[in-house]
Amino acid sequence: MSRPSSRPLTLPARPAALLCALAAAATLLPTAAPARAAGAPLTFGACPASIPRPPAPARVECGSLSVPLDWKNPTGPRIEIAVSRVPAAGTPAERRGVLLVNPGGPGGSGLPYAVTKRAKLPENVRRSYDVIGFDPRGVGRSTPVDCGAMGGLFDSPGADPVPGGRAAERGYLASLRNLADDCAASAGKVLPYLSTEQTAHDMDAIRAALGEPRTSFLGVSYGSYLGAAYAARFPHRVGRMVLDSVVGPWDWYDFDVIQSRALLRARDTFFAWTGEHAERFRLGRSADAVRRAYVRVRAGLAAHPPNGFGPAEFDRAVYRALGRTERWAGLADGLRAYLTGGSVDGLRPTAAFDSPESRNYEAANRIVKCADGPGPAPREILTDLHRTRRLDPQPILTGMEASTCAYWHHRPARRTPLGSPAAPPVLLVASAHEPVTPIEGARRLREVLPGSRLVTLDQDYSHGVFASRGNGCVDGTVAAYLVDGVVPEADVRCAGPGLPGAR
């Protein structure tokens with residue numbers, strides 16, 4: 001589609017400071033331990049073997065930065081934040097500064113993301129920016145947290161995540177309380193300090209350590225929430241900010257409820273799509289027929305979970321599949337394989353759910369959400385559960401991580417501030433129909449970021465849009481903003497791919 005007329009946004013840029021060797025482990029340092037002051041120059045060296053290498057001549061470098069555990073107490077205990085950098089590929093004249101990136105979560109590791117996301121960015125963006133990744137505090141190599149058993153979250157098979165009846169509901173609430181207790185016991189003193197607001201301060205420390213007057217930022221999913229928090233605290237240090245697949249400015253629990261309802265709509269679309277391709281998937285010729293097949297699969301797994309694969313594991317697989325349409329065919333094939341032969345191989349994820357990386361992700365996810373604002377009351381959780389079940393008796397509650405905040409040991413008094421009228425224009429990017437971060441979030445966040453523009457990919461149902469969906473209209477609009485500061489005069493709508501064919 002044709003792009004609206006646009007105006008340029010100028011941004012000063014200056015070279016980053018040089019960097020040296022990666023600090024060993026991300027450990028909590030005592031108050032008296034020697035450490036660099038936040039804002040001191042970073043040093044970059046070799047990366048851990050787990051970090052992918054970009055194709056030559058590009059290179060990735062890694063380092064670490066010492067920051068206060070609590071930014072309100074800068075002389076107190078300190079932690080290490082792991083940072084990665086892929087330098088800009090262009091000439092000095094092309095350089096626009098640094099582009100900090102975050103892949104989402106909360107709990108996603110950003111250290112490798114500087115390499116993997118950069119590989120998908122338009123060439124002129126790669127030439128213009130040093131792409132900077134980092135593991136947010138509590139994640140990966142930045143003082144990783146663990147919540148132990150997490151109230152049975154890693155049991156195999158797990159308890160049915162959709163409780164039916166009062167006894168099951170009491171058990172569900174008890175598991176949330178146990179999860180909160182496990183996090184308090186395992187995370188200890190760091191528990192209150194893994195909030196998005198504290199991470200926003202870490203981002204600014206990275207900016208200062210790189211010698212940059214401003215930082216540009218690309219945040220996807222939870223990364224959009226983190227970017228909005230940075231804009232609230234440091235509006236005058238924002239360069240060009242792109243927030244993709246946007247989390248709205250709600251309490252985390254309210255967002256989780258909104259997402260759970262969007263997942264029902266996406267699943268209905270999946271049922272109808274599968275029915276339209278009945279010859280390929282053989283699950284029925286209508287959405288209702290496919291729904292009945294789906295319910296038979298879940299009921300069968302609940303009655304006799306093969307090799308530890310029960311309804312909790314099934315719901316996690318469905319949650320993951322609904323977020324990207326290229327996974328729909330695999331989900332439909334997995335449903336048919338179970339119904340015809342009892343196999344769950346097509347539904348089971350390739351990576352173990354209880355791997356160290358997954359345990360860290362799940363722990364950091366809950367801890368960050370519960371540190372970002374007040375949690376719900378237990379009765380609110382049950383009321384919303386009943387309302388959701390009236391919409392559909394078999395909901396998907398996998399994304400309801402903030403429910404455990406009802407029993408959190410360090411409940412904050414206020415919500416993390418988001419957005420600022422003092423921030424420069426921000427570009428929001430959204431898929432019209434994806435369920436993981438429904439487009440309502442982008443529309444709401446725009447209200448606290450005056451002057452921002454919304455780029456919508458119409459006829460699209462997948463999470464993650466810019467440099468992800470291969471859409472020239474989206475990628476061109478965002479690249480023009482990042483490289484040349486071109487802010488669209490109005491919101492942009494791009495023609496999307498529609499639903500996939502049956503492969």
# chains A, B, ... in the order shown; residues from 1 in each chain; ligands from 1
>>> residues_around(residues="Tyr193 of chain A", least_positions_apart="4", cutoff="8 Å", atoms="only C-alpha atoms", output="count of residues only")
4
>>> residues_around(residues="Tyr319 of chain A", least_positions_apart="6", cutoff="8 Å", atoms="only C-alpha atoms", output="ChimeraX atom specification")
/A:263,396,398-399
>>> write_last_selection(atoms="N, CA and C atoms", output="compact mmCIF listing (two decimals), in the first residue's frame")
# COMPACT_ATOMS: atom_id res chain seq x y z
N LEU A 263 -7.43 -15.60 23.03
CA LEU A 263 -7.06 -16.95 22.64
C LEU A 263 -8.28 -17.77 22.23
N ILE A 396 -8.28 -21.61 27.66
CA ILE A 396 -6.84 -21.81 27.72
C ILE A 396 -6.29 -20.81 28.72
N THR A 398 -3.16 -20.92 30.09
CA THR A 398 -1.70 -21.04 30.19
C THR A 398 -1.04 -19.69 30.44
N GLY A 399 -1.55 -18.62 29.87
CA GLY A 399 -0.92 -17.32 30.02
C GLY A 399 -1.31 -16.55 31.26
>>> closest_atom_pairs(of="segment 247-307 of chain A", to="segment 423-447 of chain A", cutoff="8 Å", atoms="only C-alpha atoms", output="tab-separated table")
residue	atom	partner	partner_atom	distance
A:Val247	CA	A:Gly441	CA	5.2
A:Gly248	CA	A:Gly441	CA	3.5
A:Pro249	CA	A:Leu445	CA	5.7
A:Ile258	CA	A:Pro438	CA	7.9
A:Gln259	CA	A:Val436	CA	5.9
A:Ala262	CA	A:Pro435	CA	4.9
A:Leu263	CA	A:Pro435	CA	5.2
A:Arg265	CA	A:Pro435	CA	7.7
A:Ala266	CA	A:Pro435	CA	6.2
>>> write_last_selection(atoms="C-alpha atoms", output="mmCIF file, in the first residue's frame")
data_model
loop_
_atom_site.group_PDB
_atom_site.id
_atom_site.type_symbol
_atom_site.label_atom_id
_atom_site.label_comp_id
_atom_site.auth_asym_id
_atom_site.auth_seq_id
_atom_site.Cartn_x
_atom_site.Cartn_y
_atom_site.Cartn_z
ATOM 1 C CA VAL A 247 1.254 -5.104 25.721
ATOM 2 C CA GLY A 248 -1.338 -2.563 26.817
ATOM 3 C CA PRO A 249 -1.002 -0.287 29.879
ATOM 4 C CA ILE A 258 -7.742 -10.052 28.034
ATOM 5 C CA GLN A 259 -5.266 -12.435 26.419
ATOM 6 C CA ALA A 262 -8.379 -13.389 22.651
ATOM 7 C CA LEU A 263 -7.056 -16.954 22.638
ATOM 8 C CA ARG A 265 -11.281 -16.112 19.408
ATOM 9 C CA ALA A 266 -8.072 -17.313 17.784
#
>>> closest_residue(among="A:Ala287, A:Cys47, A:Ala149, A:Val139", to="Ala114 of chain A", atoms="only C-alpha atoms")
A:Cys47
>>> closest_residue(among="A:Val242, A:Arg282, A:Phe309, A:Asp460", to="Gly323 of chain A", atoms="only C-alpha atoms")
A:Asp460
>>> residues_around(residues="Val478 of chain A", least_positions_apart="4", cutoff="10 Å", atoms="only C-alpha atoms", output="JSON, numbers by chain")
{"A": [122, 125, 241, 242, 427, 428, 429, 455, 466, 467, 472, 473, 474, 482, 483, 484, 485, 486, 487, 488]}
>>> closest_residue(among="A:Leu179, A:Leu191, A:Val257, A:Leu499", to="Met400 of chain A", atoms="only C-alpha atoms")
A:Val257
>>> closest_residue(among="A:Ser142, A:Ser224, A:Thr215, A:Gln394", to="Gly110 of chain A", atoms="only C-alpha atoms")
A:Ser142
>>> select_by_dssp(residues="segment 201-343 of chain A", states="strand (DSSP E)", output="ChimeraX atom specification")
/A:215-220,238-244
>>> write_last_selection(atoms="C-alpha atoms", output="PDB file, in the first residue's frame")
ATOM      1  CA  THR A 215      19.247   5.022  23.072  1.00  0.00           C
ATOM      2  CA  SER A 216      16.992   3.719  20.337  1.00  0.00           C
ATOM      3  CA  PHE A 217      14.992   0.641  21.217  1.00  0.00           C
ATOM      4  CA  LEU A 218      13.158  -2.263  19.593  1.00  0.00           C
ATOM      5  CA  GLY A 219      10.959  -4.161  22.024  1.00  0.00           C
ATOM      6  CA  VAL A 220       8.707  -7.078  21.079  1.00  0.00           C
ATOM      7  CA  VAL A 238      14.740   8.041  24.034  1.00  0.00           C
ATOM      8  CA  GLY A 239      16.020   8.090  20.470  1.00  0.00           C
ATOM      9  CA  ARG A 240      13.790   6.129  18.084  1.00  0.00           C
ATOM     10  CA  MET A 241      11.561   3.558  19.724  1.00  0.00           C
ATOM     11  CA  VAL A 242       9.675   0.725  18.014  1.00  0.00           C
ATOM     12  CA  LEU A 243       7.223  -1.276  20.132  1.00  0.00           C
ATOM     13  CA  ASP A 244       6.049  -4.412  18.316  1.00  0.00           C
TER      14      ASP A 244
END
>>> atom_distance(atom1="atom CA of Thr456 of chain A", atom2="atom CA of Asp130 of chain A")
26.8 Å
>>> select_by_dssp(residues="segment 270-337 of chain A", states="helix (DSSP H, G or I)", output="PyMOL selection string")
chain A and resi 270-276+278-281+287-303+306-308+311-322+325-337
>>> closest_residue(among="A:Ala278, A:Val246, A:Leu99, A:Val115", to="Pro54 of chain A", atoms="only C-alpha atoms")
A:Val115
>>> residues_around(residues="Tyr230 of chain A", least_positions_apart="6", cutoff="10 Å", atoms="only C-alpha atoms", output="list in words")
Thr196, Glu197, Gln198, Thr199, Ala200, His201, Asp202, Met203, Asp204, Phe217, Ser224, Arg237, Val238, Pro417, Leu418, Gly419, Ser420 and Ala423 of chain A
>>> atom_distance(atom1="atom CA of Ile206 of chain A", atom2="atom CA of Glu401 of chain A")
28.9 Å
>>> atom_distance(atom1="atom CA of Glu489 of chain A", atom2="atom CA of Ala228 of chain A")
21.3 Å
>>> residues_around(residues="Arg493 of chain A", least_positions_apart="2", cutoff="8 Å", atoms="only C-alpha atoms", output="number ranges by chain")
A: 1, 455-458, 491, 495
